[in-house]
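Structure first, then comments.
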Amino acid sequence: MKIASVLLCGLFAFAMGASAQLANVHSVYLLPMSGGLDQHLANRMTNAGLFQVVTDPKKADAVFTDSVGTVLEAKLAELYPEPPAPKPQPAAAKKGEGAKEEEEAKEEAPAEAKQLPPPVSSFSKGKGTIFLVDRRSRNVLWSTYVHPKNTLAAEMDRTAGEIVGRLQRVLRGK
């Protein structure tokens, strides 16, 4: 009995934490999704007043996508590039040739690090899984699975309605 109550309290705390994170999301950008689901989600969210759907990704707090992993990371890097690193101040003139070689080695290290292969991920298009990803932290704030029976417009709209309904329940704390 004690174990069940501890697990229930933990689940409640987790749900409250998830809805608290979602409370900070006011505007969303939708990445293209299979079957045009992004268009139906934009329609349903706008009609429900759930989030402000934006067409400029830079105005979004979070991003809806149907995939995570290296493909998403590459798309986020394209949409939200890292600000350029500040150029190092020229160091005072160093004595000796060894200091010059050491400085050149330090400059080359970041270039080598950029050429590492992307990490391998088992995530890909989930065919029914939708993720809401924070654009700054790149953490998944919320996800759900609703598999459409087909890609007809009526089915995509029904699926979008189910997704928005689930999200509304989480935001209300139910």
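Every chain in the structure tokens takes a letter, A first, then B, and so on in the order presented; its residues are numbered from 1, and the ligands are numbered from 1 following the presented order.
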Shell of 12 Å around region 35-41 of chain A, only C-alpha atoms, local chain residues under 3 positions omitted, as a PyMOL selection string: chain A and resi 28-32+44-53+55+63-66+127-131+146-165+167
Closest of A:Arg135, A:Arg172, A:Lys87, A:Arg166 to Asp61 (chain A) - atom-to-atom distances counting only C-alpha atoms: A:Arg135
Counting only C-alpha atoms, the option among A:His26, A:Leu141, A:Pro84, A:Ser34 closest to Lys59 (chain A): A:His26
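Of the listed residues (A:Gln21, A:Ser137, A:Gln89, A:Thr144), A:Gln21 comes nearest to Leu171 (chain A); the distances count only C-alpha atoms.
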Distance criterion (only C-alpha atoms): nearest to Ser67 (chain A) out of A:Val140, A:Ala20, A:Val170, A:Val25: A:Val140
Residues of region 44-75 of chain A in alpha helix (DSSP H) according to DSSP, as a compact mmCIF listing (two decimals) with N, CA and C atoms, in the first residue's frame?
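So part38.txt came out as:
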# COMPACT_ATOMS: atom_id res chain seq x y z
N ARG A 44 -6.59 23.24 -35.55
CA ARG A 44 -7.24 22.83 -34.29
C ARG A 44 -6.72 23.65 -33.10
N MET A 45 -5.41 23.90 -33.04
CA MET A 45 -4.86 24.66 -31.92
C MET A 45 -5.31 26.11 -31.95
N THR A 46 -5.38 26.68 -33.14
CA THR A 46 -5.83 28.06 -33.28
C THR A 46 -7.29 28.19 -32.86
N ASN A 47 -8.13 27.26 -33.32
CA ASN A 47 -9.55 27.30 -32.97
C ASN A 47 -9.78 27.09 -31.47
N ALA A 48 -8.94 26.27 -30.85
CA ALA A 48 -9.09 25.99 -29.43
C ALA A 48 -8.46 27.08 -28.57
N THR A 70 18.67 12.96 -34.72
CA THR A 70 19.62 13.77 -35.47
C THR A 70 18.94 14.64 -36.53
N VAL A 71 17.87 14.14 -37.12
CA VAL A 71 17.15 14.93 -38.13
C VAL A 71 16.56 16.18 -37.49
N LEU A 72 15.94 16.02 -36.33
CA LEU A 72 15.38 17.17 -35.62
C LEU A 72 16.49 18.11 -35.16
N GLU A 73 17.57 17.57 -34.63
CA GLU A 73 18.67 18.42 -34.18
C GLU A 73 19.22 19.26 -35.33
N ALA A 74 19.35 18.66 -36.50
CA ALA A 74 19.84 19.40 -37.67
C ALA A 74 18.85 20.50 -38.06
N LYS A 75 17.56 20.20 -38.02
CA LYS A 75 16.55 21.20 -38.37
C LYS A 75 16.53 22.34 -37.35
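One distance worth recording is that between CA of Asp134 (chain A) and CA of Ala62 (chain A), which is 4.4 Å.
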